[in-house]
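Undergrad: File input.txt below, compact mmCIF, C-alpha atoms and all ligand atoms:
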```txt
# COMPACT_ATOMS: atom_id res chain seq x y z
CA MET A 147 6.97 -22.41 24.35
CA LEU A 148 3.42 -22.48 23.12
CA SER A 149 1.10 -19.65 24.02
CA GLU A 150 -2.51 -19.04 23.24
CA VAL A 151 -3.72 -15.60 22.24
CA ARG A 152 -7.03 -14.08 23.24
CA PHE A 153 -8.92 -11.02 22.13
CA GLU A 154 -11.71 -10.21 24.57
CA GLY A 155 -14.28 -7.61 23.56
CA VAL A 156 -11.65 -5.72 21.57
CA HIS A 157 -12.66 -2.56 19.72
CA LYS A 158 -10.50 -0.19 17.73
CA ILE A 159 -11.96 3.15 16.82
CA PHE A 160 -10.12 5.66 14.61
CA GLY A 161 -11.88 9.02 14.95
CA THR A 162 -15.42 8.21 13.88
CA GLU A 163 -14.56 4.93 12.19
CA THR A 164 -14.76 1.58 13.94
CA ALA A 165 -12.03 -0.56 12.39
CA VAL A 166 -12.58 -3.53 14.72
CA GLU A 167 -15.79 -4.08 16.64
CA ASP A 168 -16.18 -6.31 19.68
CA LEU A 169 -13.63 -8.90 18.62
CA ASN A 170 -13.70 -12.10 20.66
CA LEU A 171 -11.21 -14.59 19.33
CA ARG A 172 -8.97 -17.22 20.79
CA VAL A 173 -5.97 -18.54 18.87
CA ASN A 174 -5.08 -21.85 20.49
CA ALA A 175 -1.51 -22.59 21.52
CA GLY A 176 0.37 -23.92 18.50
CA GLU A 177 -2.51 -23.21 16.14
CA PHE A 178 -2.23 -21.70 12.66
CA LEU A 179 -5.23 -19.43 12.48
CA VAL A 180 -5.96 -17.62 9.24
CA LEU A 181 -7.73 -14.29 9.44
CA VAL A 182 -9.43 -13.57 6.15
CA GLY A 183 -11.75 -10.90 4.80
CA PRO A 184 -12.06 -8.17 2.18
CA SER A 185 -9.77 -5.16 2.09
CA GLY A 186 -10.51 -2.68 4.88
CA CYS A 187 -12.31 -5.17 7.15
CA GLY A 188 -9.87 -4.73 10.03
CA LYS A 189 -7.33 -7.54 9.57
CA THR A 190 -4.17 -5.44 9.78
CA THR A 191 -5.56 -3.44 12.68
CA THR A 192 -6.18 -6.69 14.55
CA LEU A 193 -2.59 -7.84 14.01
CA ARG A 194 -1.17 -4.45 14.90
CA MET A 195 -3.08 -4.47 18.18
CA LEU A 196 -1.66 -7.89 19.00
CA ALA A 197 1.84 -6.73 18.08
CA GLY A 198 1.45 -3.65 20.26
CA LEU A 199 1.63 -1.18 17.40
CA GLU A 200 -1.94 0.02 18.07
CA ARG A 201 -3.79 0.21 21.37
CA PRO A 202 -7.30 -1.22 21.57
CA SER A 203 -9.96 1.40 22.28
CA TYR A 204 -11.69 -1.12 24.53
CA GLY A 205 -11.19 -4.71 25.51
CA ARG A 206 -8.35 -6.99 26.50
CA ILE A 207 -5.60 -8.77 24.62
CA LEU A 208 -3.86 -11.69 26.30
CA ILE A 209 -0.81 -13.68 25.27
CA GLY A 210 -0.70 -16.81 27.38
CA ASP A 211 -2.15 -15.65 30.70
CA LYS A 212 -0.62 -12.23 30.43
CA LEU A 213 -2.68 -9.15 29.73
CA VAL A 214 -0.57 -7.25 27.20
CA ASN A 215 -2.63 -4.09 26.59
CA ASN A 216 0.06 -2.00 28.25
CA VAL A 217 3.09 -4.06 27.24
CA SER A 218 5.31 -2.44 24.63
CA PRO A 219 5.92 -4.33 21.35
CA ARG A 220 9.51 -5.18 22.34
CA PHE A 221 8.38 -7.16 25.36
CA ARG A 222 5.52 -9.05 23.77
CA ASP A 223 7.67 -11.77 22.24
CA VAL A 224 5.75 -11.51 19.00
CA ALA A 225 7.31 -11.49 15.54
CA MET A 226 5.55 -9.91 12.60
CA VAL A 227 6.11 -10.44 8.87
CA PHE A 228 4.57 -7.82 6.61
CA GLN A 229 3.50 -7.80 2.99
CA SER A 230 6.29 -5.33 2.22
CA TYR A 231 9.15 -7.20 3.83
CA ALA A 232 11.68 -4.57 4.77
CA LEU A 233 15.20 -5.95 4.58
CA TYR A 234 18.26 -3.80 5.14
CA PRO A 235 19.45 -3.20 1.56
CA HIS A 236 23.09 -2.57 2.45
CA MET A 237 23.41 -5.76 4.53
CA ASN A 238 23.90 -9.27 3.23
CA VAL A 239 21.59 -12.15 4.11
CA TYR A 240 23.68 -13.20 7.11
CA ASP A 241 23.61 -9.73 8.63
CA ASN A 242 19.94 -9.28 7.91
CA LEU A 243 19.22 -12.51 9.77
CA ALA A 244 21.58 -11.70 12.64
CA PHE A 245 20.45 -8.10 13.08
CA GLY A 246 17.64 -8.65 15.58
CA MET A 247 19.71 -10.93 17.81
CA ARG A 248 22.65 -8.54 17.77
CA ALA A 249 20.34 -5.67 18.71
CA ARG A 250 19.18 -7.74 21.67
CA GLY A 251 22.77 -8.34 22.70
CA ALA A 252 22.99 -12.09 22.09
CA ALA A 253 26.45 -13.70 22.19
CA GLY A 254 28.28 -14.02 18.85
CA SER A 255 28.50 -17.82 18.97
CA VAL A 256 24.78 -18.16 19.74
CA ILE A 257 23.95 -15.84 16.85
CA ALA A 258 26.15 -17.77 14.44
CA GLN A 259 24.53 -21.05 15.42
CA ARG A 260 20.96 -19.76 15.11
CA VAL A 261 21.62 -18.00 11.80
CA LYS A 262 23.06 -21.25 10.44
CA GLU A 263 20.05 -23.32 11.57
CA THR A 264 17.53 -20.81 10.29
CA ALA A 265 19.27 -20.47 6.94
CA GLU A 266 19.24 -24.23 6.53
CA VAL A 267 15.54 -24.53 7.35
CA LEU A 268 14.74 -21.86 4.79
CA GLY A 269 17.16 -22.99 2.09
CA LEU A 270 19.22 -19.80 2.35
CA ALA A 271 22.56 -21.39 3.27
CA GLN A 272 24.07 -20.78 -0.19
CA LEU A 273 22.98 -17.14 -0.27
CA MET A 274 24.46 -15.75 2.93
CA LYS A 275 26.82 -13.28 1.23
CA ARG A 276 24.22 -11.79 -1.09
CA ARG A 277 22.48 -8.48 -0.61
CA PRO A 278 18.70 -8.18 -1.00
CA SER A 279 19.09 -6.66 -4.49
CA GLU A 280 20.81 -9.88 -5.60
CA LEU A 281 17.89 -12.08 -4.48
CA SER A 282 14.65 -13.08 -6.17
CA GLY A 283 11.32 -12.06 -4.64
CA GLY A 284 10.85 -15.47 -3.09
CA GLN A 285 14.35 -15.51 -1.63
CA ARG A 286 13.82 -12.07 -0.13
CA GLN A 287 10.58 -13.19 1.39
CA ARG A 288 12.37 -16.16 2.88
CA VAL A 289 14.95 -13.88 4.47
CA ALA A 290 12.11 -11.81 5.93
CA LEU A 291 10.59 -14.99 7.34
CA GLY A 292 14.00 -16.01 8.66
CA ARG A 293 14.31 -12.74 10.53
CA ALA A 294 11.03 -13.52 12.30
CA LEU A 295 11.79 -17.22 12.77
CA ILE A 296 15.24 -16.69 14.26
CA ARG A 297 13.77 -14.93 17.25
CA GLN A 298 11.79 -18.05 18.22
CA PRO A 299 8.86 -15.88 19.31
CA GLN A 300 5.81 -17.07 21.21
CA VAL A 301 3.57 -15.79 18.46
CA PHE A 302 3.98 -15.20 14.73
CA LEU A 303 1.95 -12.55 13.01
CA MET A 304 1.93 -12.52 9.24
CA ASP A 305 0.16 -9.84 7.25
CA GLU A 306 -0.42 -10.97 3.67
CA PRO A 307 3.21 -12.12 3.45
CA LEU A 308 2.77 -13.74 0.03
CA SER A 309 0.68 -11.14 -1.74
CA ASN A 310 3.65 -9.56 -3.53
CA LEU A 311 4.83 -12.85 -5.01
CA ASP A 312 3.82 -14.23 -8.38
CA ALA A 313 1.41 -17.15 -8.54
CA GLY A 314 3.93 -20.00 -8.79
CA LEU A 315 6.08 -18.75 -5.96
CA ARG A 316 3.01 -18.20 -3.84
CA VAL A 317 2.06 -21.85 -4.10
CA GLN A 318 5.61 -22.86 -3.19
CA MET A 319 5.83 -20.48 -0.21
CA ARG A 320 2.40 -21.54 0.98
CA ALA A 321 3.64 -25.10 1.26
CA GLU A 322 6.87 -23.93 2.86
CA LEU A 323 5.07 -21.91 5.53
CA SER A 324 2.83 -24.87 6.34
CA ARG A 325 5.90 -27.07 6.63
CA LEU A 326 7.61 -24.58 8.94
CA HIS A 327 4.54 -24.49 11.12
CA GLU A 328 4.43 -28.28 11.27
CA ARG A 329 7.99 -28.22 12.47
CA PHE A 330 7.97 -25.39 15.04
CA ARG A 331 4.28 -25.17 15.99
CA VAL A 332 4.52 -21.50 16.90
CA THR A 333 1.08 -19.99 17.49
CA THR A 334 0.40 -18.10 14.27
CA LEU A 335 -2.13 -15.50 13.21
CA TYR A 336 -1.92 -15.27 9.43
CA VAL A 337 -3.75 -12.55 7.55
CA THR A 338 -4.77 -12.89 3.92
CA HIS A 339 -7.53 -11.81 1.59
CA ASP A 340 -6.85 -14.92 -0.50
CA GLN A 341 -9.35 -17.65 0.21
CA VAL A 342 -7.16 -20.37 -1.29
CA GLU A 343 -4.46 -19.54 1.27
CA ALA A 344 -7.12 -19.54 3.97
CA MET A 345 -8.54 -22.93 2.97
CA THR A 346 -5.19 -24.65 2.50
CA MET A 347 -3.11 -23.24 5.36
CA GLY A 348 -5.38 -22.72 8.32
CA ASP A 349 -6.14 -25.13 11.16
CA ARG A 350 -9.09 -22.79 11.49
CA ILE A 351 -10.25 -19.77 9.54
CA ALA A 352 -11.64 -16.59 11.07
CA VAL A 353 -13.70 -14.59 8.59
CA MET A 354 -14.07 -10.85 9.16
CA ASN A 355 -16.23 -8.28 7.45
CA SER A 356 -16.61 -4.56 8.22
CA GLY A 357 -14.69 -4.87 11.47
CA ARG A 358 -16.79 -7.77 12.74
CA LEU A 359 -15.82 -11.38 13.12
CA GLN A 360 -18.33 -13.47 11.17
CA GLN A 361 -17.33 -17.06 11.89
CA VAL A 362 -14.38 -19.12 13.12
CA ASP A 363 -14.22 -22.75 12.10
CA ALA A 364 -12.16 -25.45 10.45
CA PRO A 365 -11.94 -24.91 6.66
CA GLU A 366 -14.37 -27.69 5.68
CA THR A 367 -16.88 -26.73 8.35
CA LEU A 368 -16.81 -23.15 7.18
CA TYR A 369 -17.32 -24.29 3.61
CA ASP A 370 -20.13 -26.73 4.39
CA ASN A 371 -21.85 -24.73 7.11
CA PRO A 372 -21.28 -21.03 6.52
CA ALA A 373 -22.93 -19.02 9.31
CA ASN A 374 -24.27 -16.35 6.99
CA ILE A 375 -24.48 -15.12 3.41
CA PHE A 376 -21.27 -13.14 3.74
CA VAL A 377 -19.17 -16.18 4.70
CA ALA A 378 -20.99 -18.35 2.15
CA GLY A 379 -20.18 -15.87 -0.62
CA PHE A 380 -16.63 -15.15 0.50
CA ILE A 381 -15.37 -18.72 0.77
CA GLY A 382 -15.66 -20.74 -2.43
CA SER A 383 -14.79 -20.09 -6.05
CA PRO A 384 -16.77 -19.69 -8.22
CA ARG A 385 -18.97 -18.00 -5.67
CA MET A 386 -22.06 -19.63 -4.21
CA ASN A 387 -25.25 -18.80 -6.15
CA PHE A 388 -27.92 -16.98 -4.18
CA VAL A 389 -31.49 -17.13 -5.42
CA ARG A 390 -34.88 -16.16 -4.02
CA GLY A 391 -36.83 -18.89 -2.31
CA SER A 392 -39.84 -19.49 -0.16
CA LEU A 393 -40.10 -21.73 2.90
CA THR A 394 -43.36 -23.46 3.85
CA THR A 395 -44.02 -25.87 6.68
CA THR A 396 -46.91 -28.29 6.37
CA ARG A 397 -47.63 -30.62 9.28
CA GLY A 398 -44.09 -30.24 10.55
CA VAL A 399 -42.41 -30.91 7.20
CA ALA A 400 -40.48 -27.99 5.77
CA ALA A 401 -40.22 -27.51 2.03
CA VAL A 402 -38.50 -24.86 -0.02
CA GLU A 403 -39.48 -23.51 -3.39
CA PHE A 404 -36.90 -21.88 -5.67
CA LEU A 405 -36.02 -21.69 -9.37
CA GLY A 406 -39.44 -23.12 -10.22
CA VAL A 407 -39.07 -26.34 -8.18
CA THR A 408 -40.15 -27.39 -4.70
CA THR A 409 -38.32 -29.84 -2.47
CA PRO A 410 -38.81 -31.02 1.09
CA LEU A 411 -35.78 -30.42 3.29
CA SER A 412 -33.55 -33.34 4.08
CA SER A 413 -34.62 -35.06 7.28
CA ARG A 414 -31.02 -34.88 8.45
CA ALA A 415 -30.89 -31.10 8.31
CA LYS A 416 -32.30 -28.97 11.10
CA LEU A 417 -33.84 -25.53 10.88
CA THR A 418 -32.62 -22.93 13.37
CA ALA A 419 -34.90 -20.97 15.71
CA GLU A 420 -34.72 -18.01 13.33
CA ALA A 421 -36.33 -19.96 10.48
CA ALA A 422 -39.84 -18.80 9.60
CA ASP A 423 -42.14 -19.55 6.69
CA GLY A 424 -41.88 -17.01 3.90
CA ALA A 425 -39.07 -15.47 1.90
CA VAL A 426 -35.61 -17.05 2.22
CA THR A 427 -32.37 -16.86 0.29
CA VAL A 428 -31.31 -20.19 -1.17
CA GLY A 429 -27.58 -20.83 -1.63
CA LEU A 430 -26.30 -23.28 -4.24
CA ARG A 431 -22.61 -24.02 -4.66
CA PRO A 432 -21.68 -24.21 -8.37
CA GLU A 433 -20.33 -27.75 -7.91
CA ASP A 434 -23.66 -28.86 -6.45
CA LEU A 435 -25.49 -27.58 -9.49
CA MET A 436 -24.48 -29.98 -12.26
CA TRP A 437 -25.19 -30.83 -15.81
CA ARG A 438 -27.98 -33.41 -15.68
CA ARG A 439 -26.04 -35.76 -17.97
CA ALA A 440 -23.00 -35.76 -15.70
CA ALA A 441 -24.81 -35.78 -12.35
CA PRO A 442 -24.85 -38.62 -9.81
CA PRO A 443 -28.16 -40.25 -8.77
CA GLU A 444 -28.42 -38.19 -5.53
CA SER A 445 -28.99 -35.12 -7.67
CA THR A 446 -32.72 -35.72 -7.80
CA LEU A 447 -33.89 -32.20 -8.60
CA THR A 448 -33.97 -31.16 -12.24
CA LEU A 449 -34.00 -27.53 -13.36
CA SER A 450 -34.25 -26.38 -16.92
CA ALA A 451 -32.13 -23.44 -17.97
CA GLU A 452 -30.76 -21.50 -20.90
CA VAL A 453 -27.01 -21.13 -21.26
CA ASP A 454 -25.68 -17.59 -21.11
CA VAL A 455 -21.89 -17.93 -20.87
CA VAL A 456 -19.51 -20.90 -21.04
CA GLU A 457 -16.07 -20.38 -19.49
CA PRO A 458 -13.74 -23.30 -20.24
CA MET A 459 -11.11 -23.68 -17.50
CA GLY A 460 -9.40 -26.71 -19.04
CA HIS A 461 -10.17 -29.42 -16.50
CA GLU A 462 -13.74 -28.13 -16.16
CA ALA A 463 -16.01 -25.34 -17.39
CA TYR A 464 -18.12 -22.78 -15.60
CA VAL A 465 -21.51 -22.49 -17.22
CA THR A 466 -23.66 -19.48 -16.37
CA ALA A 467 -27.30 -20.07 -17.23
CA VAL A 468 -30.66 -18.41 -16.71
CA CYS A 469 -33.12 -20.53 -14.80
CA ALA A 470 -36.62 -19.30 -13.88
CA GLY A 471 -35.45 -15.73 -14.41
CA GLU A 472 -32.36 -16.00 -12.17
CA THR A 473 -28.76 -16.36 -13.24
CA VAL A 474 -26.79 -19.26 -11.79
CA THR A 475 -23.30 -20.64 -12.30
CA SER A 476 -22.64 -24.37 -12.43
CA ARG A 477 -19.55 -26.50 -12.92
CA PHE A 478 -19.50 -28.63 -16.02
CA PRO A 479 -17.11 -31.31 -17.21
CA PRO A 480 -14.70 -30.22 -19.95
CA ARG A 481 -15.73 -30.64 -23.59
CA SER A 482 -19.46 -30.77 -22.82
CA GLY A 483 -20.17 -29.12 -26.17
CA VAL A 484 -22.71 -26.83 -24.49
CA ARG A 485 -22.97 -23.33 -26.00
CA THR A 486 -24.65 -19.99 -25.42
CA ARG A 487 -28.45 -20.13 -25.84
CA ASP A 488 -28.59 -23.95 -25.57
CA ARG A 489 -31.44 -25.30 -23.44
CA ILE A 490 -29.93 -27.51 -20.76
CA GLU A 491 -31.01 -29.46 -17.71
CA LEU A 492 -29.25 -28.87 -14.42
CA ALA A 493 -29.34 -31.34 -11.54
CA LEU A 494 -29.13 -30.67 -7.83
CA ASN A 495 -28.81 -32.80 -4.73
CA PRO A 496 -31.38 -31.27 -2.34
CA ALA A 497 -29.21 -32.24 0.64
CA ARG A 498 -26.65 -29.68 -0.59
CA LEU A 499 -28.94 -26.66 -0.37
CA HIS A 500 -28.06 -23.73 1.87
CA LEU A 501 -30.82 -21.57 3.34
CA PHE A 502 -30.47 -18.09 4.75
CA ASP A 503 -32.89 -15.71 6.39
CA ALA A 504 -33.79 -13.23 3.66
CA ARG A 505 -33.38 -10.26 6.02
CA SER A 506 -30.56 -11.04 8.45
CA GLY A 507 -28.59 -13.21 6.03
CA ASN A 508 -27.97 -15.76 8.81
CA THR A 509 -28.12 -19.42 7.99
CA ILE A 510 -31.38 -21.04 9.03
CA LEU A 511 -30.27 -24.54 8.13
CA GLN A 512 -27.76 -26.61 10.06
CA ARG A 513 -26.54 -29.05 7.48
CA PRO A 514 -24.67 -32.21 8.40
CA VAL A 515 -20.99 -31.28 8.31
CA ALA A 516 -19.97 -33.77 5.68
CA GLY A 517 -23.33 -33.47 3.87
CA GLY A 518 -24.39 -35.91 1.17
CA ALA A 519 -26.19 -39.22 1.46
CA GLU A 520 -22.98 -41.03 0.52
CA LEU A 521 -21.70 -40.92 4.11
CA PRO A 522 -22.63 -43.48 6.73
CA ARG A 523 -25.40 -42.04 8.88
CA SER A 524 -23.64 -42.42 12.17
CA VAL A 525 -20.52 -40.57 11.04
CA GLY A 526 -22.55 -37.70 9.63
CA GLU A 527 -24.67 -37.38 12.73
CA ALA A 528 -21.80 -37.50 15.18
CA ARG A 529 -20.14 -34.67 13.33
CA VAL A 530 -23.28 -32.55 13.23
CA ASP A 531 -23.65 -32.76 17.00
CA GLU A 532 -20.02 -31.90 17.53
CA SER A 533 -20.15 -28.84 15.32
CA GLU A 534 -23.40 -27.57 16.76
CA GLU A 535 -22.17 -27.93 20.28
CA GLY A 536 -18.97 -26.11 19.38
CA ARG A 537 -20.84 -23.33 17.68
CA SER A 538 -23.33 -22.65 20.44
CA GLU A 539 -20.51 -22.58 22.96
CA ARG A 540 -18.56 -20.13 20.85
CA GLN A 541 -21.58 -17.92 20.46
CA ARG A 542 -22.41 -17.91 24.13
CA GLU A 543 -18.96 -17.36 25.48
CA PRO A 544 -17.93 -14.21 23.64
CA HIS A 545 -21.08 -12.33 24.61
CA THR A 546 -20.69 -12.91 28.31
CA ARG A 547 -16.99 -12.19 28.01
CA SER A 548 -17.33 -8.98 26.12
CA ALA A 549 -19.93 -7.55 28.47
CA GLN A 550 -17.62 -8.42 31.32
CA SER A 551 -14.52 -7.00 29.71
CA ARG A 552 -16.26 -3.78 28.79
CA ALA A 553 -17.40 -3.40 32.37
CA GLU A 554 -13.81 -3.88 33.52
CA GLU A 555 -12.64 -1.37 30.97
CA ILE A 556 -15.05 1.28 32.18
CA SER A 557 -14.60 0.69 35.91
N1 LIG A 601 -4.26 4.64 11.42
C1 LIG A 601 -5.51 4.68 10.95
N2 LIG A 601 -6.23 5.82 10.98
C2 LIG A 601 -7.51 5.87 10.52
N3 LIG A 601 -8.15 4.81 9.99
C3 LIG A 601 -7.48 3.66 9.91
C4 LIG A 601 -6.13 3.52 10.39
N4 LIG A 601 -5.74 2.25 10.18
C5 LIG A 601 -6.79 1.62 9.61
N5 LIG A 601 -7.82 2.46 9.46
C6 LIG A 601 -9.14 2.11 8.90
O1 LIG A 601 -9.62 0.97 9.56
C7 LIG A 601 -10.24 0.06 8.66
C8 LIG A 601 -9.56 -1.29 8.73
O2 LIG A 601 -8.26 -1.17 8.16
P1 LIG A 601 -7.26 -2.39 8.08
O3 LIG A 601 -7.17 -3.01 9.41
O4 LIG A 601 -6.00 -1.87 7.49
O5 LIG A 601 -8.00 -3.35 7.06
P2 LIG A 601 -7.46 -4.62 6.26
O6 LIG A 601 -6.09 -4.95 6.76
O7 LIG A 601 -8.47 -5.69 6.53
O8 LIG A 601 -7.48 -4.25 4.80
C9 LIG A 601 -10.16 0.70 7.29
O9 LIG A 601 -11.36 1.34 7.02
C10 LIG A 601 -9.04 1.70 7.44
O10 LIG A 601 -9.24 2.81 6.60
MG MG A 602 -4.29 -5.07 5.69
```
What would you get if you wrote out this structure as structure tokens?

TA:
Amino acid sequence: MLSEVRFEGVHKIFGTETAVEDLNLRVNAGEFLVLVGPSGCGKTTTLRMLAGLERPSYGRILIGDKLVNNVSPRFRDVAMVFQSYALYPHMNVYDNLAFGMRARGAAGSVIAQRVKETAEVLGLAQLMKRRPSELSGGQRQRVALGRALIRQPQVFLMDEPLSNLDAGLRVQMRAELSRLHERFRVTTLYVTHDQVEAMTMGDRIAVMNSGRLQQVDAPETLYDNPANIFVAGFIGSPRMNFVRGSLTTTRGVAAVEFLGVTTPLSSRAKLTAEAADGAVTVGLRPEDLMWRRAAPPESTLTLSAEVDVVEPMGHEAYVTAVCAGETVTSRFPPRSGVRTRDRIELALNPARLHLFDARSGNTILQRPVAGGAELPRSVGEARVDESEEGRSERQREPHTRSAQSRAEEIS
């Protein structure tokens, strides 16, 4: 059974500290939603409230149509997998998997059947007699997943389940979790601080910072149209460059000056109501800032810079250079031969600029979702409209909802 999950105006206050502030979030039925953000931003608290391990200070949590604020964890039909996956050390894999069903009084034959199916799905069939100490980290993590999976819950909650695994295993388990979700489509809220996991696993990504939800969108939308400087800087590696800029509008045409160059804004991009002439923060993704010699023709802006650091990554190199007094990182092809203190020319496609209000940090530029002049106009435009409509609806809805839910809470 597929259930959606809703947080409506949810706050969690510990003493004087607000761990989660006015959270309005809907996880669609069958969706894999990744909740991402820096350590301490409120991710675990959010999951624990949904699991019933913490009570919200204000607001409502719904699973399906059922308000669960006062429902105990046992009766929420939610399964949670933690970073530190606690298995029973004295029990073998079979008994670890069967434990929850036995505790709930399921019939022996039903348990045997479900354990068998689950073990097969997770590739544990050959390991049933082993104890946790005789398993590798990845195998243990699979048993922990199996214990959650076997319950066939309405909702899966996973709190950084891969963060204790080494890099190779993480990649493998990432793929495995995505495959499991494809197969069972259980509504999942997956917490990570790893942006690669967020980008690769999520149907949508919810970005949190300091207890506040910053943006919820599909991975590419989030990457191409970050709502603010925090999201822009959090998603993407190497990080987006932020430099000082200045916006001027002459006879209705907006232009931005930064790093010693001036460019009119693309006619396909729209400025938001918050945009005003004056100081702005310009965001440049390292891959949009290229070596002139390797850049495509759309990269019409040329910036001259002096190389500070070259970091060869094998298939590419990150080149940090000083340009008009600001330090920027760009992605270079491998074996460029460029070295520290070389004078170089960087090239930029002006359609790839990001602009943020210098004070609030909010984006003031709605860029076409798929960006770039290489896309057919109609496709690009259709997607802009769709994303803008979606965004304004999302922004409107939570505010009315949270005011309402707070009123209900107080009354
Ligand atoms: N039981 C608690 N008592 C007091 N403060 C807490 C408690 N749980 C979490 N916090 C605080 O709430 C904030 C969010 O914590 P948490 O949800 O664990 O963040 P994350 O999982 O994103 O790292 C942190 O500042 C943390 O110190
Ligand atoms: Mg946490």

Undergrad: Got a sec to check which residues lie within 7 Å of ligand LIG 601 (chain A), using only C-alpha atoms and all ligand atoms, and send them as a PyMOL selection string?

TA: chain A and resi 160-161+163-165+183-192+357

Undergrad: Between atom CA of A:Glu491 and atom CA of A:Leu449, what is the spacing in Å?

TA: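 These two atoms are separated by 5.6 Å.
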
Undergrad: Point out the residue among A:Ala493, A:Ile351, A:Val468, A:Leu393 with the least atom-to-atom distance to A:Met436, counting all atoms listed in the file.

TA: A:Ala493

Undergrad: Rank nothing, just name the residue among A:Glu306, A:Asp312, A:Asp488, A:Glu462 nearest to ligand MG 602 (chain A), using all atoms listed in the file.

TA: A:Glu306

Undergrad: I want to know what sits within 12 Å of A:Gly246, based on all atoms listed in the file, with residues of the same chain fewer than 5 positions away left out; could you give that as an NGL selection string?

TA: :A and (220 or 225 or 233-234 or 240-241 or 251-252 or 257 or 260-261 or 290 or 292-299)

Undergrad: Pick out the closest residue to ligand MG 602 (chain A) from this set: A:Pro372, A:Gly471, A:Pro307, A:Pro442. Count all atoms listed in the file.

TA: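 So, comparing all the options, the nearest one is A:Pro307.
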
Undergrad: Figure out the distance between atom CA of A:Asn355 and atom CA of A:Gly284, please, to one decimal in Å.

TA: 29.9 Å

Undergrad: Please compute the atom MG of ligand MG 602 (chain A)-atom CA of A:Phe302 distance, one decimal, in Å.

TA: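 Distance reported for this atom pair: 15.9 Å.
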
Undergrad: Env of A:Gly429: 12 Å cut, atoms = all atoms listed in the file, seq-sep filter 6 positions within chain, self excluded. Answer as a ChimeraX atom specification.

TA: /A:370-372,374-379,382,385-391,402,404-405,435,474-475,494,496-504,507-511

Undergrad: Given the selection you just returned, output its residues as a file containing C-alpha atoms, formatted as a PDB file, in the frame of the given file.

TA:
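Listing of again_35.pdb after writing:
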```pdb
ATOM      1  CA  ASP A 370     -20.130 -26.730   4.390  1.00  0.00           C
ATOM      2  CA  ASN A 371     -21.850 -24.730   7.110  1.00  0.00           C
ATOM      3  CA  PRO A 372     -21.280 -21.030   6.520  1.00  0.00           C
ATOM      4  CA  ASN A 374     -24.270 -16.350   6.990  1.00  0.00           C
ATOM      5  CA  ILE A 375     -24.480 -15.120   3.410  1.00  0.00           C
ATOM      6  CA  PHE A 376     -21.270 -13.140   3.740  1.00  0.00           C
ATOM      7  CA  VAL A 377     -19.170 -16.180   4.700  1.00  0.00           C
ATOM      8  CA  ALA A 378     -20.990 -18.350   2.150  1.00  0.00           C
ATOM      9  CA  GLY A 379     -20.180 -15.870  -0.620  1.00  0.00           C
ATOM     10  CA  GLY A 382     -15.660 -20.740  -2.430  1.00  0.00           C
ATOM     11  CA  ARG A 385     -18.970 -18.000  -5.670  1.00  0.00           C
ATOM     12  CA  MET A 386     -22.060 -19.630  -4.210  1.00  0.00           C
ATOM     13  CA  ASN A 387     -25.250 -18.800  -6.150  1.00  0.00           C
ATOM     14  CA  PHE A 388     -27.920 -16.980  -4.180  1.00  0.00           C
ATOM     15  CA  VAL A 389     -31.490 -17.130  -5.420  1.00  0.00           C
ATOM     16  CA  ARG A 390     -34.880 -16.160  -4.020  1.00  0.00           C
ATOM     17  CA  GLY A 391     -36.830 -18.890  -2.310  1.00  0.00           C
ATOM     18  CA  VAL A 402     -38.500 -24.860  -0.020  1.00  0.00           C
ATOM     19  CA  PHE A 404     -36.900 -21.880  -5.670  1.00  0.00           C
ATOM     20  CA  LEU A 405     -36.020 -21.690  -9.370  1.00  0.00           C
ATOM     21  CA  LEU A 435     -25.490 -27.580  -9.490  1.00  0.00           C
ATOM     22  CA  VAL A 474     -26.790 -19.260 -11.790  1.00  0.00           C
ATOM     23  CA  THR A 475     -23.300 -20.640 -12.300  1.00  0.00           C
ATOM     24  CA  LEU A 494     -29.130 -30.670  -7.830  1.00  0.00           C
ATOM     25  CA  PRO A 496     -31.380 -31.270  -2.340  1.00  0.00           C
ATOM     26  CA  ALA A 497     -29.210 -32.240   0.640  1.00  0.00           C
ATOM     27  CA  ARG A 498     -26.650 -29.680  -0.590  1.00  0.00           C
ATOM     28  CA  LEU A 499     -28.940 -26.660  -0.370  1.00  0.00           C
ATOM     29  CA  HIS A 500     -28.060 -23.730   1.870  1.00  0.00           C
ATOM     30  CA  LEU A 501     -30.820 -21.570   3.340  1.00  0.00           C
ATOM     31  CA  PHE A 502     -30.470 -18.090   4.750  1.00  0.00           C
ATOM     32  CA  ASP A 503     -32.890 -15.710   6.390  1.00  0.00           C
ATOM     33  CA  ALA A 504     -33.790 -13.230   3.660  1.00  0.00           C
ATOM     34  CA  GLY A 507     -28.590 -13.210   6.030  1.00  0.00           C
ATOM     35  CA  ASN A 508     -27.970 -15.760   8.810  1.00  0.00           C
ATOM     36  CA  THR A 509     -28.120 -19.420   7.990  1.00  0.00           C
ATOM     37  CA  ILE A 510     -31.380 -21.040   9.030  1.00  0.00           C
ATOM     38  CA  LEU A 511     -30.270 -24.540   8.130  1.00  0.00           C
TER      39      LEU A 511
END
```
